[in-house]
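A.B. asks: So I've got this file, coords.cif, and it contains mmCIF, C-alpha atoms:
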data_target
#
loop_
_atom_site.label_atom_id
_atom_site.label_comp_id
_atom_site.auth_asym_id
_atom_site.auth_seq_id
_atom_site.Cartn_x
_atom_site.Cartn_y
_atom_site.Cartn_z
CA MET H 1 88.48 111.16 123.71
CA THR H 2 88.61 114.17 125.98
CA GLY H 3 87.10 116.27 123.23
CA THR H 4 86.19 116.21 119.57
CA ASP H 5 88.90 118.78 118.77
CA ARG H 6 91.58 116.57 120.30
CA ALA H 7 90.33 113.49 118.46
CA GLY H 8 90.16 115.42 115.20
CA ARG H 9 93.69 116.78 115.61
CA ALA H 10 95.02 113.32 116.42
CA LEU H 11 93.39 111.79 113.35
CA ALA H 12 94.58 114.62 111.12
CA ALA H 13 98.12 114.21 112.48
CA LEU H 14 98.06 110.50 111.74
CA MET H 15 96.90 111.17 108.19
CA GLU H 16 99.74 113.65 107.74
CA ARG H 17 102.13 110.97 108.95
CA VAL H 18 100.78 108.56 106.32
CA MET H 19 101.62 111.10 103.62
CA VAL H 20 105.16 111.61 104.93
CA THR H 21 105.71 107.88 105.33
CA GLU H 22 104.53 107.27 101.78
CA SER H 23 107.10 109.72 100.45
CA GLN H 24 109.86 108.08 102.52
CA VAL H 25 109.25 104.40 101.81
CA GLY H 26 108.29 104.45 98.12
CA VAL H 27 107.44 100.93 96.96
CA ARG H 28 108.72 99.35 100.16
CA PHE H 29 106.70 98.65 103.31
CA PRO H 30 107.29 100.48 106.62
CA LEU H 31 107.84 98.30 109.66
CA TYR H 32 109.09 100.47 112.55
CA ALA H 33 110.47 103.99 112.82
CA ASP H 34 113.21 105.54 114.93
CA PRO H 35 111.74 107.32 117.97
CA ASP H 36 114.00 110.34 117.53
CA ASP H 37 114.04 111.23 113.85
CA GLY H 38 111.12 109.16 112.53
CA SER H 39 113.15 107.35 109.86
CA TRP H 40 111.60 104.03 108.86
CA THR H 41 113.05 100.55 108.78
CA THR H 42 111.35 98.98 105.77
CA THR H 43 110.90 95.64 104.07
CA GLY H 44 110.65 94.89 100.38
CA ARG H 45 107.68 92.50 100.60
CA GLY H 46 105.97 93.70 103.76
CA SER H 47 106.62 90.71 106.01
CA TRP H 48 103.71 89.88 108.36
CA ALA H 49 102.89 93.59 108.82
CA GLY H 50 102.46 94.60 105.18
CA GLY H 51 98.67 94.59 105.37
CA PHE H 52 98.70 97.31 107.99
CA TRP H 53 100.40 99.73 105.60
CA ALA H 54 97.88 98.91 102.87
CA GLY H 55 95.12 99.32 105.46
CA LEU H 56 96.45 102.74 106.46
CA LEU H 57 96.39 103.83 102.84
CA TRP H 58 92.78 102.69 102.55
CA LEU H 59 91.95 104.59 105.73
CA ARG H 60 93.51 107.71 104.22
CA ALA H 61 91.50 107.23 101.03
CA ARG H 62 88.32 107.00 103.10
CA TYR H 63 89.30 110.08 105.10
CA THR H 64 90.22 112.32 102.15
CA GLY H 65 87.98 110.93 99.40
CA ASP H 66 90.86 111.69 97.01
CA GLU H 67 91.20 109.48 93.92
CA ASP H 68 95.00 109.65 94.01
CA ASP H 69 94.93 108.36 97.58
CA ARG H 70 92.65 105.54 96.50
CA ALA H 71 95.00 104.69 93.63
CA ALA H 72 97.92 104.50 96.06
CA ALA H 73 95.95 102.08 98.24
CA VAL H 74 95.05 99.93 95.24
CA GLU H 75 98.68 99.78 94.12
CA CYS H 76 99.96 98.87 97.57
CA THR H 77 97.34 96.16 98.03
CA ALA H 78 98.39 94.57 94.74
CA ARG H 79 101.92 94.23 96.13
CA LEU H 80 100.58 91.94 98.87
CA ALA H 81 99.61 89.27 96.32
CA PRO H 82 102.81 87.16 96.66
CA TRP H 83 101.82 86.39 100.25
CA VAL H 84 98.72 84.47 99.12
CA GLU H 85 100.70 81.25 98.71
CA ALA H 86 103.10 81.86 101.60
CA ASP H 87 103.00 79.24 104.33
CA THR H 88 102.02 81.48 107.23
CA ALA H 89 98.97 82.00 109.40
CA THR H 90 99.82 85.70 109.49
CA ARG H 91 97.95 85.85 106.21
CA GLY H 92 95.03 86.70 108.48
CA LEU H 93 96.76 89.93 109.50
CA ILE H 94 98.08 90.62 106.02
CA PHE H 95 94.95 90.10 103.95
CA TRP H 96 92.12 90.97 106.29
CA TYR H 97 93.47 94.29 107.51
CA GLY H 98 95.00 94.99 104.11
CA THR H 99 91.74 94.54 102.18
CA ALA H 100 88.77 94.92 104.57
CA LEU H 101 88.54 98.65 103.83
CA ALA H 102 89.00 98.18 100.08
CA THR H 103 85.35 98.46 99.13
CA ASP H 104 84.33 98.58 95.47
CA ASP H 105 87.76 97.47 94.26
CA ASP H 106 87.71 94.33 92.15
CA ALA H 107 91.46 93.76 92.30
CA ALA H 108 91.59 93.87 96.10
CA GLU H 109 88.54 91.62 96.31
CA ALA H 110 90.22 89.10 93.99
CA ILE H 111 93.36 89.09 96.15
CA ARG H 112 91.31 88.58 99.30
CA LYS H 113 89.34 85.73 97.72
CA ALA H 114 92.58 84.03 96.66
CA ALA H 115 93.89 84.41 100.21
CA VAL H 116 90.65 82.98 101.63
CA GLY H 117 90.98 79.90 99.45
CA ALA H 118 94.64 79.42 100.33
CA CYS H 119 93.99 79.75 104.07
CA LEU H 120 91.11 77.30 103.94
CA SER H 121 93.30 74.82 102.06
CA ALA H 122 95.96 75.23 104.77
CA HIS H 123 93.49 74.43 107.55
CA ASP H 124 94.58 71.18 109.22
CA ARG H 125 91.51 69.26 110.36
CA GLU H 126 93.52 67.04 112.70
CA LEU H 127 95.09 69.99 114.48
CA GLY H 128 91.94 72.08 114.26
CA LEU H 129 93.71 75.18 112.98
CA VAL H 130 95.72 76.85 110.25
CA PRO H 131 99.30 76.16 111.40
CA TRP H 132 101.67 79.05 112.02
CA GLY H 133 103.66 77.90 109.01
CA ALA H 134 107.29 77.88 107.92
CA ALA H 135 107.46 81.13 105.96
CA PHE H 136 109.52 82.86 108.65
CA GLY H 137 111.60 79.84 109.65
CA GLY H 138 111.38 77.61 112.68
CA PRO H 139 108.85 74.86 113.42
CA ARG H 140 105.80 74.86 111.19
CA LEU H 141 103.21 73.24 113.46
CA LEU H 142 102.71 76.03 115.93
CA ALA H 143 99.66 77.72 117.43
CA ARG H 144 100.22 81.42 118.18
CA VAL H 145 97.79 84.07 119.33
CA ASP H 146 98.86 86.45 116.55
CA ALA H 147 97.66 83.86 114.04
CA VAL H 148 94.01 84.38 115.03
CA PRO H 149 92.85 87.99 114.35
CA GLY H 150 91.85 88.53 110.75
CA MET H 151 92.13 84.82 109.96
CA LEU H 152 88.64 84.30 111.39
CA SER H 153 86.98 86.82 109.08
CA LEU H 154 88.95 85.58 106.09
CA LEU H 155 87.95 81.95 106.58
CA ALA H 156 84.33 82.86 107.32
CA GLU H 157 84.01 84.38 103.85
CA GLU H 158 84.10 80.83 102.44
CA GLY H 159 80.58 79.94 103.58
CA PRO H 160 79.73 77.19 106.08
CA ASP H 161 82.99 75.28 105.54
CA GLY H 162 85.00 78.42 106.13
CA ALA H 163 83.00 79.36 109.21
CA ALA H 164 83.57 75.87 110.64
CA ALA H 165 87.29 76.15 110.00
CA ALA H 166 87.38 79.62 111.56
CA THR H 167 85.53 78.36 114.64
CA ALA H 168 87.92 75.43 115.03
CA HIS H 169 90.91 77.74 114.57
CA LEU H 170 89.71 80.13 117.27
CA HIS H 171 88.71 77.51 119.81
CA ARG H 172 91.93 75.55 119.41
CA HIS H 173 93.82 78.73 120.27
CA LEU H 174 91.48 79.39 123.19
CA ASP H 175 92.12 75.85 124.43
CA LEU H 176 95.86 76.47 124.45
CA CYS H 177 96.34 80.17 125.03
CA LEU H 178 93.55 81.33 127.33
CA GLY H 179 94.08 79.11 130.35
CA GLU H 180 90.49 78.84 131.52
CA ASP H 181 91.48 76.52 134.39
CA LEU H 182 94.33 78.71 135.65
CA PRO H 183 93.85 81.09 138.58
CA PRO H 184 93.55 84.83 137.90
CA GLY H 185 96.85 86.44 137.04
CA GLN H 186 98.32 83.27 135.56
CA TRP H 187 98.41 82.69 131.82
CA PRO H 188 99.70 79.92 129.59
CA ALA H 189 102.18 80.49 126.81
CA PRO H 190 100.97 82.48 123.79
CA ALA H 191 102.76 80.03 121.46
CA TRP H 192 102.58 76.22 121.40
CA GLN H 193 104.26 73.54 119.29
CA PHE H 194 102.52 70.36 118.17
CA THR H 195 104.61 67.35 119.17
CA GLY H 196 102.41 64.55 117.81
CA GLN H 197 99.68 62.30 119.18
CA GLN H 198 97.47 65.31 119.96
CA ARG H 199 100.06 66.79 122.31
CA TRP H 200 101.09 70.42 122.45
CA GLN H 201 104.16 71.83 124.16
CA PRO H 202 104.31 75.45 125.37
CA LEU H 203 107.15 77.56 124.02
CA GLY H 204 109.16 80.07 126.02
CA ASP H 205 109.15 82.80 123.39
CA PRO H 206 107.04 84.90 123.58
CA LEU H 207 106.65 84.80 127.35
CA PRO H 208 103.21 84.29 128.98
CA GLY H 209 103.24 87.94 130.07
CA TRP H 210 103.48 89.24 126.48
CA SER H 211 100.86 91.98 126.61
CA ARG H 212 100.37 92.22 122.85
CA GLY H 213 99.57 88.50 122.77
CA ARG H 214 96.65 89.02 125.15
CA ALA H 215 95.47 91.97 123.08
CA TRP H 216 95.56 89.88 119.89
CA LEU H 217 93.43 87.24 121.62
CA LEU H 218 90.93 89.82 122.88
CA LEU H 219 90.67 91.24 119.36
CA ALA H 220 90.02 87.78 117.93
CA VAL H 221 87.26 87.03 120.45
CA ALA H 222 85.66 90.42 119.73
CA GLU H 223 85.91 89.72 116.00
CA ALA H 224 84.07 86.42 116.44
CA LEU H 225 81.36 87.86 118.68
CA LEU H 226 80.50 90.48 116.07
CA HIS H 227 80.67 88.22 113.02
CA PRO H 228 77.19 87.01 111.95
CA ARG H 229 78.51 83.56 110.98
CA LEU H 230 80.94 83.04 113.84
CA ALA H 231 78.86 84.33 116.75
CA LEU H 232 76.42 81.45 116.23
CA HIS H 233 79.08 78.84 117.00
CA ARG H 234 79.54 78.12 120.72
CA PRO H 235 78.31 81.58 121.75
CA ASP H 236 78.43 80.74 125.47
CA ARG H 237 82.12 79.93 125.27
CA LEU H 238 82.84 83.10 123.28
CA ALA H 239 81.09 85.17 125.93
CA ALA H 240 82.97 83.34 128.70
CA ALA H 241 86.29 83.89 126.92
CA ALA H 242 85.59 87.60 126.58
CA GLU H 243 84.65 87.81 130.25
CA ARG H 244 87.80 85.98 131.40
CA LEU H 245 90.01 88.21 129.29
CA LEU H 246 88.29 91.37 130.51
CA ALA H 247 88.22 90.29 134.14
CA HIS H 248 91.76 88.97 134.44
CA GLY H 249 93.71 90.46 131.54
CA GLY H 250 94.01 93.99 132.90
CA PHE H 251 92.10 95.43 129.95
CA LEU H 252 89.60 97.34 132.08
CA THR H 253 91.64 98.05 135.21
CA GLY H 254 95.34 97.85 134.36
CA PRO H 255 97.60 100.54 132.91
CA LEU H 256 96.11 102.33 129.91
CA VAL H 257 99.40 101.73 128.12
CA PRO H 258 100.79 98.46 129.47
CA PRO H 259 104.38 97.26 129.62
CA ALA H 260 105.40 95.00 126.77
CA GLU H 261 106.01 92.20 129.29
CA ALA H 262 103.87 91.95 132.41
CA GLU H 263 106.76 90.45 134.37
CA LYS H 264 108.74 93.62 133.77
CA PRO H 265 106.44 96.50 134.83
CA ASP H 266 109.37 98.93 134.69
CA GLY H 267 110.38 97.75 131.22
CA PRO H 268 109.39 99.18 127.83
CA LEU H 269 105.78 100.14 127.26
CA ASP H 270 103.90 99.02 124.17
CA THR H 271 101.56 101.58 122.66
CA SER H 272 100.69 99.10 119.91
CA THR H 273 99.18 96.82 122.56
CA ALA H 274 97.08 99.75 123.79
CA ALA H 275 95.89 100.59 120.27
CA ILE H 276 94.92 96.98 119.52
CA THR H 277 93.13 96.83 122.87
CA ALA H 278 91.19 100.02 122.12
CA VAL H 279 89.89 98.55 118.85
CA ALA H 280 88.95 95.28 120.55
CA LEU H 281 87.10 97.15 123.30
CA MET H 282 85.27 99.30 120.77
CA LYS H 283 84.09 96.12 119.12
CA LEU H 284 83.04 94.56 122.42
CA ALA H 285 81.14 97.74 123.26
CA ARG H 286 78.86 96.85 120.31
CA VAL H 287 78.12 93.40 121.79
CA PRO H 288 75.01 93.58 124.02
CA GLY H 289 75.80 92.79 127.62
CA PRO H 290 76.75 94.21 131.01
CA ARG H 291 80.33 94.99 129.97
CA ALA H 292 79.46 97.09 126.90
CA GLU H 293 79.50 100.45 128.67
CA ASP H 294 82.72 99.63 130.54
CA CYS H 295 84.38 98.62 127.27
CA SER H 296 83.33 101.85 125.57
CA TYR H 297 84.54 104.02 128.42
CA ARG H 298 87.88 102.24 128.67
CA ALA H 299 88.49 102.40 124.91
CA VAL H 300 88.04 106.17 124.94
CA ALA H 301 90.35 106.46 127.95
CA ILE H 302 93.07 104.49 126.15
CA LEU H 303 92.73 106.59 123.01
CA SER H 304 92.92 109.77 125.06
CA ARG H 305 96.12 108.62 126.75
CA LEU H 306 97.72 107.64 123.46
CA ALA H 307 96.81 110.94 121.83
CA GLU H 308 97.86 113.07 124.78
CA SER H 309 101.06 111.35 125.85
CA HIS H 310 102.45 109.28 122.98
CA LEU H 311 101.39 110.94 119.73
CA TYR H 312 103.15 113.96 118.24
CA ASP H 313 100.36 116.21 116.97
CA GLY H 314 102.40 119.25 115.98
CA VAL H 315 100.89 121.51 118.62
CA ALA H 316 103.43 121.30 121.43
CA ASP H 317 106.18 119.25 119.77
CA GLU H 318 108.63 119.92 117.00
CA ALA H 319 109.09 116.23 116.18
CA PRO H 320 107.56 114.82 112.97
CA VAL H 321 103.78 115.01 113.24
CA GLY H 322 101.59 111.92 113.65
CA ARG H 323 104.14 109.55 115.14
CA LEU H 324 102.82 107.11 117.75
CA VAL H 325 106.01 106.34 119.68
CA ASP H 326 106.73 104.03 122.65
CA GLY H 327 105.80 100.88 120.80
CA CYS H 328 107.82 97.74 121.52
CA TYR H 329 108.44 95.25 118.72
CA ASP H 330 110.30 92.64 120.80
CA ALA H 331 111.42 93.40 124.35
CA GLY H 332 113.24 90.10 124.78
CA LYS H 333 115.46 90.72 121.76
CA GLY H 334 115.78 94.44 122.46
CA LEU H 335 114.34 95.15 119.02
CA ALA H 336 112.61 98.51 118.45
CA VAL H 337 111.62 98.93 122.10
CA ARG H 338 110.34 102.53 122.05
CA HIS H 339 109.54 102.96 118.39
CA GLU H 340 106.71 103.83 116.09
CA LEU H 341 105.24 100.51 114.87
CA ILE H 342 103.20 100.33 111.70
CA TRP H 343 100.51 98.11 113.27
CA GLY H 344 100.20 100.39 116.29
CA THR H 345 99.68 103.36 113.97
CA PHE H 346 97.11 101.39 111.97
CA PHE H 347 95.00 100.41 114.96
CA LEU H 348 95.10 103.88 116.51
CA THR H 349 94.06 105.39 113.17
CA LEU H 350 91.31 102.80 112.76
CA ALA H 351 89.92 103.53 116.23
CA LEU H 352 89.95 107.31 115.73
CA ALA H 353 88.43 106.96 112.26
CA ALA H 354 85.63 104.89 113.78
CA LEU H 355 85.01 107.57 116.41
CA ASP H 356 84.89 110.12 113.60
CA GLY H 357 82.39 108.04 111.60
CA VAL H 358 84.83 107.39 108.75
CA VAL H 359 84.59 103.60 109.16
CA ASP H 360 82.31 101.08 110.84
CA ILE H 361 84.41 99.32 113.49
CA THR H 362 82.17 96.26 113.35
CA ARG H 363 83.18 95.65 109.72
CA VAL H 364 86.98 95.74 110.04
#
Please express the file's structure as structure tokens.
C.D. replies:
Amino acid sequence: MTGTDRAGRALAALMERVMVTESQVGVRFPLYADPDDGSWTTTGRGSWAGGFWAGLLWLRARYTGDEDDRAAAVECTARLAPWVEADTATRGLIFWYGTALATDDDAAEAIRKAAVGACLSAHDRELGLVPWGAAFGGPRLLARVDAVPGMLSLLAEEGPDGAAAATAHLHRHLDLCLGEDLPPGQWPAPAWQFTGQQRWQPLGDPLPGWSRGRAWLLLAVAEALLHPRLALHRPDRLAAAAERLLAHGGFLTGPLVPPAEAEKPDGPLDTSTAAITAVALMKLARVPGPRAEDCSYRAVAILSRLAESHLYDGVADEAPVGRLVDGCYDAGKGLAVRHELIWGTFFLTLALAALDGVVDITRV
């Protein structure tokens, strides 16, 4: 950040926003908020993003040390339990980010362990991954980049078998979604459908230029490089994947807050992509190598831009405090294209909390 005062104000503003959001949503889960008045669109069960709200409550409990805040996090995490048996690879997002900060809580640990077992059971050895699943409709046998972060750490908790499944899951997605043989600036689709006989067909939605898809993949590679069980598997390819993403994905040289779709540089921005990227870069900065310093510098630059230009901190603005606006849920569908997104808020809060020493970024 540009200064410790600015970082501290930004983190405090985000924590204030958590309190206000909690009072607004009750027992429901926030998904995205109106950019003008801050009112939340919510879901009853949390959908694929429910773990980010639980994770924010755990971050607040860490930040305040208040037992009531901890109790709220415990209660919210318990409401994620129905997703354990849901047929979706987004259980990685739901249960890793919803429970990773829940230290010394037996109930949260039990939910995570149940999710680990369910995800390992869902791993398809023939396909080499946990399929996207049918929980949200559409074809079940998909590979999508947003099915990778979190899933790796969940599977790896199940010992050698889990680590092997996690490694297969990651590398199958790298095979399809990284495009190692494509020239710089060209990327394959971030979503693929299995059509039988070991054949995969790229899908047109999301588009190859989906910036959040690249950020999810960078986060997953960073997650694997820092995980003691996963970093041992094909370390050369992990390092090469990180280098390709950093060199050609615009993470170190492109806009600090990228457009939601690379093909539309004048279209909506996506601050949630920037926040995810900042966390991934902070992780990569902890991996020894020539890029570590560049990753650290760039992460701080992204966080500074988000705090200065996209976060209401109550100093110069009259809008509700702690809102990270200019997130884009789905540009193609015109859905929530300049909104506050619960996952964007989570990752920005996580990054700032790590800078403040509240959490260890290598453990989440």
A.B. asks: List, as a VMD selection string, every residue that the PyMOL selection byres ((chain H and resi 99-110) around 12) selects in the file provided.
C.D. replies: chain H and resid 50 to 63 70 to 81 84 91 to 98 111 to 117 150 to 151 153 to 154 157 350 353 358 to 364
A.B. asks: Please, what distance in Å, to one decimal, runs between CA of Leu142 in chain H and CA of Ser272 in chain H?
C.D. replies: 23.5 Å
A.B. asks: Under the rule that all atoms listed in the file are counted, which of H:Ala156, H:Ala143, H:Ala242, H:Ala163 is the nearest residue to Gln201 in chain H?
C.D. replies: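 Using all atoms listed in the file, the shortest distance to Gln201 in chain H belongs to H:Ala143.
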A.B. asks: Quick one: pull the distance between CA of Leu348 in chain H and CA of Gly8 in chain H, Å, one decimal.
C.D. replies: 12.6 Å
A.B. asks: Decode the PyMOL selection byres ((chain H and resi 207) around 10) for the given file into explicit residues and return them as a PDB file with C-alpha atoms, in the frame of the given file.
C.D. replies:
ATOM      1  CA  TRP H 187      98.410  82.690 131.820  1.00  0.00           C
ATOM      2  CA  PRO H 188      99.700  79.920 129.590  1.00  0.00           C
ATOM      3  CA  ALA H 189     102.180  80.490 126.810  1.00  0.00           C
ATOM      4  CA  PRO H 190     100.970  82.480 123.790  1.00  0.00           C
ATOM      5  CA  ALA H 191     102.760  80.030 121.460  1.00  0.00           C
ATOM      6  CA  PRO H 202     104.310  75.450 125.370  1.00  0.00           C
ATOM      7  CA  LEU H 203     107.150  77.560 124.020  1.00  0.00           C
ATOM      8  CA  GLY H 204     109.160  80.070 126.020  1.00  0.00           C
ATOM      9  CA  ASP H 205     109.150  82.800 123.390  1.00  0.00           C
ATOM     10  CA  PRO H 206     107.040  84.900 123.580  1.00  0.00           C
ATOM     11  CA  PRO H 208     103.210  84.290 128.980  1.00  0.00           C
ATOM     12  CA  GLY H 209     103.240  87.940 130.070  1.00  0.00           C
ATOM     13  CA  TRP H 210     103.480  89.240 126.480  1.00  0.00           C
ATOM     14  CA  SER H 211     100.860  91.980 126.610  1.00  0.00           C
ATOM     15  CA  GLY H 213      99.570  88.500 122.770  1.00  0.00           C
ATOM     16  CA  GLU H 261     106.010  92.200 129.290  1.00  0.00           C
ATOM     17  CA  ALA H 262     103.870  91.950 132.410  1.00  0.00           C
ATOM     18  CA  GLU H 263     106.760  90.450 134.370  1.00  0.00           C
ATOM     19  CA  GLY H 332     113.240  90.100 124.780  1.00  0.00           C
TER      20      GLY H 332
END
A.B. asks: Just checking: using only C-alpha atoms, which residue out of H:Leu182, H:Met15, H:Leu311, H:Ala168 ends up closest to His233 in chain H?
C.D. replies: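 Counting only C-alpha atoms, the residue closest to His233 in chain H is H:Ala168.
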A.B. asks: If I take CA of Ala231 in chain H and CA of Ala118 in chain H, how far is one from the other in Å, to one decimal?
C.D. replies: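 For CA of Ala231 in chain H relative to CA of Ala118 in chain H, the distance reads 23.3 Å.
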A.B. asks: H:Thr277, H:Gln197, H:Ser121, H:Gln186: which is nearest Ala222 in chain H, counting all atoms listed in the file?
C.D. replies: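 Comparing H:Thr277, H:Gln197, H:Ser121, H:Gln186 against Ala222 in chain H, the winner is H:Thr277.
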A.B. asks: List, as a PyMOL selection string, every residue that the PyMOL selection byres ((chain H and resi 215) around 9) selects in the file provided.
C.D. replies: chain H and resi 211-214+216-220+249+251+273-274+276-277+280
A.B. asks: For each of H:Leu256, H:Glu67, H:Arg291, H:Ala275, take the minimum atom-to-atom distance to Thr349 in chain H, counting all atoms listed in the file, then give the residue where this is smallest.
C.D. replies: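 The shortest atom-to-atom distance to Thr349 in chain H comes from H:Ala275.
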A.B. asks: So which one's closest to Ser309 in chain H, H:Ser296, H:Thr271, H:Ser39, H:Thr345? Using only C-alpha atoms, please.
C.D. replies: H:Thr271
A.B. asks: Using all atoms listed in the file, pick whichever of H:Pro149, H:Gly38, H:Gly254, H:Gly133 has the shortest atom-to-atom distance to Ala224 in chain H.
C.D. replies: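 Ranked by minimum distance to Ala224 in chain H, first place goes to H:Pro149.
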